[in-house]
file entry_36.csv (CSV, C-alpha atoms)
chain,number,residue,atom,x,y,z
L,750,MET,CA,7.7,-39.3,4.8
L,751,SER,CA,5.3,-37.1,6.8
L,752,GLY,CA,4.9,-33.4,6.1
L,753,GLU,CA,1.6,-33.6,7.9
L,754,LYS,CA,1.7,-30.0,9.1
L,755,SER,CA,2.6,-28.6,5.7
L,756,LEU,CA,-0.1,-30.6,3.9
L,757,GLU,CA,-2.6,-29.3,6.4
L,758,ALA,CA,-1.4,-25.7,5.9
L,759,TRP,CA,-1.5,-26.2,2.1
L,760,GLY,CA,-5.1,-27.4,2.4
L,761,PHE,CA,-5.8,-24.2,4.3
L,762,VAL,CA,-4.3,-22.1,1.4
L,763,ARG,CA,-6.4,-24.0,-1.1
L,764,LYS,CA,-9.6,-23.4,0.9
L,765,VAL,CA,-8.7,-19.7,1.2
L,766,LEU,CA,-8.4,-19.6,-2.6
L,767,ASP,CA,-11.7,-21.4,-3.1
L,768,ASP,CA,-13.5,-19.2,-0.6
L,769,LEU,CA,-12.2,-16.0,-2.0
L,770,THR,CA,-13.1,-17.1,-5.5
L,771,GLY,CA,-16.7,-17.5,-4.3
L,772,GLN,CA,-16.6,-14.1,-2.5
L,773,ILE,CA,-15.2,-12.3,-5.6
L,774,THR,CA,-18.0,-13.9,-7.7
L,775,GLU,CA,-20.6,-12.7,-5.2
L,776,ASP,CA,-19.2,-9.2,-4.8
L,777,ALA,CA,-18.5,-8.5,-8.5
L,778,ARG,CA,-21.2,-6.4,-10.2
L,779,ASP,CA,-20.3,-7.3,-13.8
L,780,GLU,CA,-17.9,-9.4,-15.8
L,781,ARG,CA,-15.1,-6.9,-15.8
L,782,GLU,CA,-15.2,-6.7,-12.0
L,783,LEU,CA,-15.2,-10.5,-11.8
L,784,LEU,CA,-12.2,-10.9,-14.1
L,785,GLU,CA,-10.2,-8.1,-12.4
L,786,GLY,CA,-11.1,-9.7,-9.0
L,787,LEU,CA,-9.7,-13.1,-10.1
L,788,ARG,CA,-6.6,-11.4,-11.5
L,789,VAL,CA,-6.1,-9.5,-8.2
L,790,LEU,CA,-6.4,-12.9,-6.3
L,791,ASN,CA,-3.6,-14.3,-8.5
L,792,ARG,CA,-1.4,-11.2,-8.1
L,793,VAL,CA,-1.9,-11.2,-4.3
L,794,SER,CA,-1.1,-14.9,-4.2
L,795,ALA,CA,2.2,-14.2,-6.1
L,796,LEU,CA,3.1,-11.3,-3.7
L,797,CYS,CA,2.3,-13.4,-0.6
L,798,THR,CA,4.5,-16.3,-1.9
L,799,GLU,CA,7.4,-13.8,-2.1
L,800,LEU,CA,6.6,-12.5,1.4
L,801,SER,CA,5.9,-15.7,3.2
L,802,VAL,CA,7.5,-18.7,1.4
L,803,ASP,CA,10.5,-17.2,-0.5
L,804,VAL,CA,12.1,-15.9,2.7
L,805,ASP,CA,14.9,-16.8,5.2
L,806,PRO,CA,15.3,-14.5,8.2
L,807,ASP,CA,19.1,-15.2,8.1
L,808,TYR,CA,19.3,-14.0,4.5
L,809,PRO,CA,16.9,-11.0,4.4
L,810,ARG,CA,16.2,-8.9,1.3
L,811,PHE,CA,13.9,-6.1,0.3
L,812,VAL,CA,11.0,-7.1,-2.0
L,813,ASP,CA,9.2,-4.3,-3.8
L,814,MET,CA,5.5,-5.0,-3.2
L,815,CYS,CA,4.6,-3.1,-6.4
L,816,THR,CA,5.7,-4.0,-9.9
L,817,PRO,CA,4.8,-2.3,-13.3
L,818,PHE,CA,1.7,-4.6,-13.4
L,819,ARG,CA,1.0,-5.2,-9.7
L,820,PHE,CA,-0.5,-2.4,-7.5
L,821,VAL,CA,-2.6,-4.4,-5.1
L,822,GLY,CA,-3.6,-3.6,-1.5
L,823,GLY,CA,-4.4,0.1,-2.1
L,824,PRO,CA,-0.8,1.4,-2.5
L,825,ASN,CA,0.3,4.9,-3.4
L,826,PRO,CA,1.5,4.3,-7.1
L,827,HIS,CA,3.8,7.3,-6.9
L,828,GLY,CA,6.7,5.7,-5.2
L,829,ALA,CA,7.7,2.3,-3.9
L,830,TYR,CA,7.0,-0.1,-1.0
L,831,PRO,CA,10.1,-2.2,-0.3
L,832,LEU,CA,9.4,-4.8,2.4
L,833,ALA,CA,11.9,-7.2,4.2
L,834,MET,CA,10.7,-10.1,6.3
L,835,ILE,CA,12.7,-10.3,9.5
L,836,SER,CA,12.6,-12.2,12.8
L,837,GLY,CA,12.6,-10.4,16.2
L,838,ASP,CA,15.2,-12.8,17.7
L,839,ARG,CA,17.8,-11.6,15.2
L,840,ALA,CA,19.5,-8.2,14.6
L,841,TYR,CA,19.6,-6.5,11.2
L,842,ARG,CA,21.5,-3.6,9.7
L,843,VAL,CA,19.7,-1.5,7.0
L,844,THR,CA,21.9,0.8,5.0
L,845,GLY,CA,21.0,3.2,2.2
L,846,THR,CA,21.1,6.5,0.5
L,847,ARG,CA,18.2,8.8,1.2
L,848,GLY,CA,17.8,10.2,-2.3
L,849,THR,CA,15.6,13.2,-2.9
L,850,SER,CA,12.1,11.6,-2.8
L,851,THR,CA,9.5,13.8,-1.1
L,852,TYR,CA,8.9,11.3,1.8
L,853,LEU,CA,10.5,8.3,3.3
L,854,GLY,CA,9.2,6.2,6.2
L,855,LEU,CA,10.3,2.9,7.8
L,856,GLN,CA,7.8,0.9,9.7
L,857,VAL,CA,8.3,-2.3,11.7
L,858,LEU,CA,5.3,-4.7,11.9
L,859,ALA,CA,5.0,-7.3,14.6
L,860,GLY,CA,2.7,-10.2,15.5
L,861,THR,CA,3.1,-13.9,14.7
L,862,GLY,CA,0.8,-16.9,14.2
L,863,MET,CA,-2.8,-16.1,14.9
L,864,ASN,CA,-2.0,-12.8,16.6
L,865,PRO,CA,-3.1,-9.7,14.7
L,866,ARG,CA,-0.3,-7.7,13.0
L,867,ARG,CA,0.5,-4.3,14.5
L,868,MET,CA,2.9,-1.5,14.0
L,869,SER,CA,5.6,-1.7,16.7
L,870,ASN,CA,8.0,1.0,15.4
L,871,TYR,CA,8.0,3.9,13.0
L,872,LEU,CA,11.0,5.9,11.8
L,873,SER,CA,10.2,9.0,9.8
L,874,ASP,CA,12.6,10.6,7.3
L,875,ARG,CA,12.7,13.6,9.7
L,876,ASP,CA,14.1,11.4,12.4
L,877,LEU,CA,16.5,9.4,10.2
L,878,HIS,CA,20.2,10.2,10.9
L,879,LEU,CA,22.0,11.1,7.6
L,880,ASP,CA,25.7,11.8,6.9
L,881,GLU,CA,26.8,14.6,4.6
L,882,GLY,CA,26.3,12.3,1.6
L,883,GLY,CA,22.7,11.5,2.6
L,884,ARG,CA,23.7,7.9,3.7
L,885,PHE,CA,22.2,6.2,6.7
L,886,GLU,CA,22.7,3.0,8.8
L,887,VAL,CA,20.0,1.7,11.1
L,888,VAL,CA,20.2,-1.4,13.3
L,889,PHE,CA,17.0,-3.1,14.2
L,890,ALA,CA,17.2,-5.5,17.2
L,891,ALA,CA,15.3,-6.5,20.4
L,892,THR,CA,18.4,-5.7,22.5
L,893,ARG,CA,21.0,-3.1,21.9
L,894,PRO,CA,24.1,-4.6,20.3
L,895,ALA,CA,27.6,-3.8,21.5
L,896,ASP,CA,29.0,-0.4,20.3
L,897,SER,CA,31.5,-2.3,18.2
L,898,ASP,CA,28.6,-4.0,16.3
L,899,LEU,CA,26.6,-0.8,16.0
L,900,ALA,CA,29.6,1.0,14.5
L,901,GLY,CA,27.8,4.3,14.8
L,902,ALA,CA,24.5,3.2,13.3
L,903,GLN,CA,21.1,4.5,14.5
L,904,PHE,CA,19.5,1.9,16.9
L,905,ILE,CA,15.8,1.0,16.8
L,906,GLU,CA,14.6,-1.4,19.5
L,907,ILE,CA,12.1,-3.9,18.1
L,908,PRO,CA,9.9,-6.5,19.9
L,909,GLU,CA,10.8,-10.1,19.8
L,910,ASP,CA,7.7,-10.9,17.6
L,911,ALA,CA,8.8,-8.4,14.9
L,912,THR,CA,8.1,-9.8,11.4
L,913,SER,CA,8.9,-7.2,8.8
L,914,ILE,CA,10.2,-3.8,7.9
L,915,VAL,CA,8.0,-1.9,5.5
L,916,VAL,CA,9.4,1.2,3.6
L,917,ARG,CA,7.3,3.9,2.0
L,918,ASP,CA,9.1,6.1,-0.5
L,919,TYR,CA,6.8,8.7,-2.1
L,920,ILE,CA,7.8,10.5,-5.3
L,921,ALA,CA,5.9,13.7,-6.1
L,922,ASP,CA,7.8,14.5,-9.3
L,923,PRO,CA,9.3,11.4,-11.1
L,924,THR,CA,11.2,13.7,-13.5
L,925,THR,CA,13.5,15.1,-10.8
L,926,GLU,CA,13.3,13.1,-7.6
L,927,ILE,CA,15.7,10.2,-6.8
L,928,PRO,CA,14.3,7.2,-4.9
L,929,VAL,CA,15.9,5.8,-1.8
L,930,GLN,CA,18.6,3.1,-2.2
L,931,LEU,CA,18.3,0.3,0.4
L,932,ASP,CA,20.1,-2.9,1.5
L,933,ILE,CA,19.5,-5.1,4.5
L,934,SER,CA,21.8,-7.8,6.1
L,935,LEU,CA,21.9,-9.9,9.2
L,936,LEU,CA,24.1,-8.3,11.9
L,937,GLY,CA,26.8,-10.9,12.4
L,938,GLU,CA,27.6,-14.0,10.4
L,939,ALA,CA,24.7,-15.9,9.0
L,940,PRO,CA,24.6,-19.7,9.6
L,941,PRO,CA,24.5,-22.1,6.7
L,942,PRO,CA,21.0,-22.6,5.4
L,943,ALA,CA,19.1,-25.3,7.3
L,944,PRO,CA,17.1,-28.0,5.6
L,945,LEU,CA,13.5,-27.1,5.2
L,946,SER,CA,11.4,-28.5,8.0
L,947,ASP,CA,7.7,-29.4,8.1
L,948,GLU,CA,7.1,-26.9,10.9
L,949,VAL,CA,8.8,-24.0,9.1
L,950,LEU,CA,7.0,-24.6,5.8
L,951,ALA,CA,3.6,-25.0,7.6
L,952,GLY,CA,4.1,-21.7,9.3
L,953,GLN,CA,5.0,-20.0,6.0
L,954,LEU,CA,2.0,-21.4,4.2
L,955,THR,CA,-0.3,-20.5,7.0
L,956,ALA,CA,1.0,-16.9,7.0
L,957,MET,CA,0.6,-16.8,3.2
L,958,GLY,CA,-3.0,-17.8,3.4
L,959,TRP,CA,-3.9,-15.2,6.0
L,960,THR,CA,-2.2,-12.5,4.1
L,961,ILE,CA,-4.0,-13.4,0.9
L,962,VAL,CA,-7.3,-13.1,2.8
L,963,LYS,CA,-6.2,-9.7,4.2
L,964,LEU,CA,-5.2,-8.2,0.9
L,965,THR,CA,-8.1,-9.6,-1.1
L,966,THR,CA,-10.9,-8.5,1.3
L,967,LEU,CA,-10.0,-4.8,1.8
L,968,HIS,CA,-13.3,-3.7,0.2
L,969,ARG,CA,-15.1,-5.5,3.0
L,970,THR,CA,-12.8,-4.6,5.9
L,971,VAL,CA,-11.6,-1.0,5.3
L,972,ARG,CA,-14.6,1.4,5.5
L,973,PRO,CA,-17.1,-1.1,3.9
L,974,ASP,CA,-19.8,1.6,4.5
L,975,LEU,CA,-18.4,3.4,1.4
L,976,LEU,CA,-20.0,0.7,-0.8
L,977,ASP,CA,-23.4,1.9,0.3
L,978,THR,CA,-22.7,5.7,0.1
L,979,PRO,CA,-21.1,6.4,-3.3
L,980,ASN,CA,-19.9,9.7,-4.7
L,981,ILE,CA,-18.9,11.3,-1.3
L,982,LEU,CA,-15.6,11.5,0.5
L,983,ILE,CA,-15.0,10.6,4.2
L,984,THR,CA,-11.9,11.6,6.2
L,985,SER,CA,-10.1,8.7,7.9
L,986,GLY,CA,-7.0,8.9,10.0
L,987,ALA,CA,-4.5,6.0,10.3
L,988,GLU,CA,-6.3,4.6,13.3
L,989,ASN,CA,-9.5,4.0,11.2
L,990,LEU,CA,-7.6,2.1,8.5
L,991,GLY,CA,-5.6,-0.2,10.8
L,992,GLY,CA,-2.3,0.8,12.3
L,993,GLU,CA,-0.5,-1.9,10.3
L,994,ASN,CA,-1.8,-0.5,7.0
L,995,THR,CA,-0.4,3.0,7.3
L,996,THR,CA,1.7,5.3,9.4
L,997,PRO,CA,0.9,8.2,11.8
L,998,ASP,CA,1.9,11.0,9.4
L,999,ASN,CA,-0.3,9.7,6.6
L,1000,LEU,CA,-3.9,11.0,6.5
L,1001,TYR,CA,-6.7,9.9,4.1
L,1002,MET,CA,-10.0,10.8,2.6
L,1003,LEU,CA,-11.8,7.9,0.9
L,1004,GLY,CA,-14.8,7.5,-1.2
L,1005,MET,CA,-16.3,5.3,-3.9
L,1006,PHE,CA,-17.2,6.5,-7.3
L,1007,ASP,CA,-20.3,4.9,-8.9
L,1008,LEU,CA,-20.9,6.3,-12.4
L,1009,GLU,CA,-23.1,5.8,-15.4
L,1010,PRO,CA,-21.3,6.0,-18.8
L,1011,ASN,CA,-22.4,9.6,-19.2
L,1012,GLN,CA,-21.4,10.7,-15.7
L,1013,SER,CA,-18.3,12.2,-14.1
L,1014,LEU,CA,-17.4,12.9,-10.5
L,1015,GLN,CA,-15.7,16.2,-9.9
L,1016,LEU,CA,-13.6,17.1,-6.8
L,1017,ILE,CA,-12.9,20.8,-6.1
L,1018,PHE,CA,-10.6,21.6,-3.1
L,1019,GLN,CA,-7.9,23.9,-1.8
L,1020,PRO,CA,-4.8,21.6,-1.4
L,1021,PRO,CA,-3.7,20.9,2.2
L,1022,GLU,CA,-0.6,22.8,3.3
L,1023,THR,CA,1.9,19.9,3.1
L,1024,ARG,CA,4.9,18.7,1.2
L,1025,TYR,CA,2.9,15.9,-0.4
L,1026,TRP,CA,-0.6,15.0,-1.4
L,1027,SER,CA,-2.1,12.8,-4.1
L,1028,VAL,CA,-5.4,11.5,-5.4
L,1029,THR,CA,-5.6,7.9,-6.7
L,1030,LEU,CA,-8.3,5.8,-8.3
L,1031,GLU,CA,-8.6,2.1,-7.4
L,1032,SER,CA,-10.9,-0.7,-8.5
L,1033,ILE,CA,-13.5,-2.2,-6.2
L,1034,TRP,CA,-10.7,-4.6,-5.2
L,1035,HIS,CA,-8.4,-1.7,-4.1
L,1036,GLU,CA,-6.1,-2.2,-7.1
L,1037,CYS,CA,-4.7,1.0,-8.7
L,1038,LEU,CA,-6.0,1.5,-12.3
L,1039,GLU,CA,-3.0,0.9,-14.5
L,1040,PRO,CA,-1.2,3.9,-13.0
L,1041,LEU,CA,1.9,3.7,-15.2
L,1042,VAL,CA,-0.1,3.8,-18.5
L,1043,ARG,CA,-3.3,5.5,-17.5
L,1044,ASN,CA,-3.8,9.0,-16.0
L,1045,SER,CA,-5.6,7.5,-12.9
L,1046,SER,CA,-3.5,9.2,-10.2
L,1047,VAL,CA,-2.0,12.6,-9.6
L,1048,THR,CA,0.3,14.3,-7.0
L,1049,ASN,CA,0.7,17.9,-5.9
L,1050,LYS,CA,3.4,18.2,-8.5
L,1051,GLY,CA,1.2,17.0,-11.3
L,1052,VAL,CA,-1.6,19.5,-11.2
L,1053,SER,CA,-1.7,23.3,-10.6
L,1054,ALA,CA,-4.3,25.2,-8.7
L,1055,ASP,CA,-6.4,27.9,-10.4
L,1056,PRO,CA,-5.9,31.6,-9.6
L,1057,ASP,CA,-8.2,31.3,-6.7
L,1058,GLY,CA,-6.1,28.5,-5.2
L,1059,PHE,CA,-8.5,25.6,-6.0
L,1060,VAL,CA,-7.7,22.3,-7.7
L,1061,ARG,CA,-10.3,20.8,-9.9
L,1062,LEU,CA,-10.2,17.0,-10.6
L,1063,THR,CA,-12.7,15.2,-12.8
L,1064,ILE,CA,-13.1,11.5,-12.6
L,1065,GLY,CA,-14.7,9.6,-15.4
L,1066,ALA,CA,-14.4,7.4,-18.5
L,1067,GLU,CA,-13.6,10.4,-20.8
L,1068,ASP,CA,-12.0,13.8,-20.6
L,1069,ILE,CA,-14.9,16.3,-20.6
L,1070,GLY,CA,-12.4,19.3,-20.6
L,1071,ASP,CA,-13.3,20.6,-17.2
L,1072,GLY,CA,-10.4,20.3,-14.8
L,1073,HIS,CA,-7.6,17.7,-14.5
L,1074,TRP,CA,-9.0,14.3,-15.8
L,1075,LEU,CA,-8.5,11.1,-13.8
L,1076,ASP,CA,-9.4,8.2,-16.1
L,1077,THR,CA,-11.5,5.3,-14.8
L,1078,GLY,CA,-10.8,3.3,-17.9
L,1079,GLY,CA,-14.6,2.9,-18.3
L,1080,ARG,CA,-15.1,1.2,-15.0
L,1081,GLY,CA,-18.5,1.9,-13.4
L,1082,ARG,CA,-17.3,2.0,-9.8
L,1083,GLY,CA,-14.2,2.0,-7.7
L,1084,PHE,CA,-12.5,3.9,-4.9
L,1085,VAL,CA,-11.1,7.4,-4.7
L,1086,ILE,CA,-8.1,7.8,-2.2
L,1087,VAL,CA,-6.9,11.2,-1.2
L,1088,ARG,CA,-3.7,11.0,0.9
L,1089,TRP,CA,-1.6,13.7,2.4
L,1090,LEU,CA,1.3,14.0,4.9
L,1091,ASP,CA,2.3,15.6,8.2
L,1092,ASN,CA,-1.2,16.2,9.8
L,1093,PRO,CA,-2.5,19.5,8.4
L,1094,ASN,CA,-6.2,20.0,8.5
L,1095,ALA,CA,-8.2,17.9,6.0
L,1096,PRO,CA,-9.0,19.8,2.8
L,1097,ASP,CA,-12.6,20.9,2.4
L,1098,VAL,CA,-13.6,19.0,-0.8
L,1099,THR,CA,-16.7,19.8,-2.8
L,1100,VAL,CA,-18.0,16.7,-4.7
L,1101,ARG,CA,-20.2,17.2,-7.7
L,1102,LEU,CA,-21.8,14.6,-10.0
L,1103,LEU,CA,-21.8,15.8,-13.6
L,1104,GLU,CA,-23.9,14.4,-16.4
L,1105,LYS,CA,-23.2,14.7,-20.1
L,1106,GLU,CA,-26.3,15.0,-22.2
L,1107,ILE,CA,-26.7,11.9,-24.3
L,1108,GLN,CA,-27.1,12.7,-28.0
L,1109,ARG,CA,-30.1,11.0,-29.5

call {"tool": "encode", "arguments": {"input": "entry_36.csv", "output": "structure tokens"}}
result
Amino acid sequence: MSGEKSLEAWGFVRKVLDDLTGQITEDARDERELLEGLRVLNRVSALCTELSVDVDPDYPRFVDMCTPFRFVGGPNPHGAYPLAMISGDRAYRVTGTRGTSTYLGLQVLAGTGMNPRRMSNYLSDRDLHLDEGGRFEVVFAATRPADSDLAGAQFIEIPEDATSIVVRDYIADPTTEIPVQLDISLLGEAPPPAPLSDEVLAGQLTAMGWTIVKLTTLHRTVRPDLLDTPNILITSGAENLGGENTTPDNLYMLGMFDLEPNQSLQLIFQPPETRYWSVTLESIWHECLEPLVRNSSVTNKGVSADPDGFVRLTIGAEDIGDGHWLDTGGRGRGFVIVRWLDNPNAPDVTVRLLEKEIQR
């Protein structure tokens, strides 16, 4: 019995968890932030187990990175993020039905081992080939398969170090829009599952550890300057957030709210001319604030502009009756994420700090 490499890799994961526990303790400003940070660490660990350990490139499947209780890593809560782990030395067929969601994008990430992850391919819904029923077939492979294997599918050439396919499916109006339906399979016959090897498990555990670090330290790595400049918004393109974190047709405005119990933060803007935009509140750990049970996020279909064409959103612990309320759940600070599609000019947002007079 050896397992030397896997034991070493598991030791790395344990050290990551210990180090991140210390970092969360250091960065939390109060008990609530501490508790939510520890919960995020556990939720991220569960997600990374699914993405790194519970995988077999010969038997791929899509895993939804968000669940009714897990919205970590700064996602858009109005939609879904199916992800399939792949290997660049194999070929895969993705089939599905487009549905009627506002936006669909398929992104291929590449980079293995200690190499940084990068976006190698991107397929927008506007470039996706659909039949009359809205169905599609896409083959992802490093070399073009024979026409008989393609069988009319759209071909996307991926690099040999490709590691995953990430799907973004945005829903602006959940009462009417139908999400995409997806499936993925190996092109050709899959071999029988091989016995687990020390080398394979060690690689999976190492990847798991690094992904836990990435998803738990976003507040330190994605525009950390926001922590020192609260209650303003800063425009950031995809290149400023890391190409692997987003896609070219997504644009962002980010800020941090930092409020006293009697304060609210109000955003006033003319919506960008685009098919989709949203405003989402996140904790200091970039976790969405219970979006399925709390009004902490809104899309262009969820709020109407006033007669002058302006949208007024008010962020705070209570509804002060001035504009559309986004509920912080009583948190003192967190992030505000404005996202929109298709590269129109950034909206001109007026940010106002409002104070409610305290009754004595």

call {"tool": "residues_around", "arguments": {"input": "entry_36.csv", "residues": "Glu909 in chain L", "least_positions_apart": "5", "cutoff": "12 Å", "atoms": "all atoms listed in the file", "output": "list in words"}}
result
Ile835, Ser836, Gly837, Asp838, Arg839, Ala840, Val857, Leu858, Ala859, Gly860, Thr861, Ser869, Phe889, Ala890, Ala891 and Thr892 of chain L

call {"tool": "atom_distance", "arguments": {"input": "entry_36.csv", "atom1": "CA of Gly1070 in chain L", "atom2": "CA of Trp1089 in chain L"}}
result
26.0 Å

call {"tool": "residues_around", "arguments": {"input": "entry_36.csv", "residues": "Gln1019 in chain L", "least_positions_apart": "3", "cutoff": "10 Å", "atoms": "all atoms listed in the file", "output": "VMD selection string"}}
result
chain L and resid 1022 1054 to 1055 1057 to 1061 1095 to 1099

call {"tool": "axis_aligned_box", "arguments": {"input": "entry_36.csv", "around": "range 879-885 of chain L", "padding_each_side": "3 Å", "output": "lines of an AutoDock Vina configuration file"}}
result
center_x = 24.4
center_y = 10.4
center_z = 4.6
size_x = 10.8
size_y = 14.4
size_z = 12.0

call {"tool": "atom_distance", "arguments": {"input": "entry_36.csv", "atom1": "CA of Thr844 in chain L", "atom2": "CA of Cys815 in chain L"}}
result
21.1 Å

call {"tool": "decode", "arguments": {"input": "entry_36.csv", "residues": "range 968-979 of chain L", "atoms": "N, CA and C atoms", "output": "mmCIF file, in the first residue's frame"}}
result
data_model
loop_
_atom_site.group_PDB
_atom_site.id
_atom_site.type_symbol
_atom_site.label_atom_id
_atom_site.label_comp_id
_atom_site.auth_asym_id
_atom_site.auth_seq_id
_atom_site.Cartn_x
_atom_site.Cartn_y
_atom_site.Cartn_z
ATOM 1 N N HIS L 968 -12.925 38.086 -2.838
ATOM 2 C CA HIS L 968 -12.953 39.442 -2.279
ATOM 3 C C HIS L 968 -11.551 40.050 -2.211
ATOM 4 N N ARG L 969 -10.529 39.180 -2.242
ATOM 5 C CA ARG L 969 -9.149 39.653 -2.221
ATOM 6 C C ARG L 969 -8.528 39.746 -3.604
ATOM 7 N N THR L 970 -9.102 39.064 -4.581
ATOM 8 C CA THR L 970 -8.471 38.978 -5.902
ATOM 9 C C THR L 970 -9.222 39.716 -7.003
ATOM 10 N N VAL L 971 -10.547 39.904 -6.869
ATOM 11 C CA VAL L 971 -11.336 40.606 -7.882
ATOM 12 C C VAL L 971 -11.650 42.012 -7.371
ATOM 13 N N ARG L 972 -10.963 42.988 -7.881
ATOM 14 C CA ARG L 972 -11.133 44.390 -7.488
ATOM 15 C C ARG L 972 -11.106 44.560 -5.970
ATOM 16 N N PRO L 973 -10.009 44.165 -5.313
ATOM 17 C CA PRO L 973 -9.939 44.323 -3.852
ATOM 18 C C PRO L 973 -9.960 45.778 -3.414
ATOM 19 N N ASP L 974 -9.694 46.699 -4.361
ATOM 20 C CA ASP L 974 -9.743 48.126 -4.033
ATOM 21 C C ASP L 974 -11.132 48.560 -3.598
ATOM 22 N N LEU L 975 -12.167 47.782 -3.965
ATOM 23 C CA LEU L 975 -13.530 48.151 -3.588
ATOM 24 C C LEU L 975 -13.725 48.129 -2.079
ATOM 25 N N LEU L 976 -12.949 47.297 -1.386
ATOM 26 C CA LEU L 976 -13.082 47.211 0.069
ATOM 27 C C LEU L 976 -12.729 48.532 0.749
ATOM 28 N N ASP L 977 -11.867 49.319 0.115
ATOM 29 C CA ASP L 977 -11.430 50.594 0.703
ATOM 30 C C ASP L 977 -12.189 51.790 0.150
ATOM 31 N N THR L 978 -13.073 51.559 -0.823
ATOM 32 C CA THR L 978 -13.827 52.669 -1.432
ATOM 33 C C THR L 978 -15.300 52.291 -1.520
ATOM 34 N N PRO L 979 -15.983 52.178 -0.374
ATOM 35 C CA PRO L 979 -17.378 51.716 -0.395
ATOM 36 C C PRO L 979 -18.337 52.760 -0.935
#
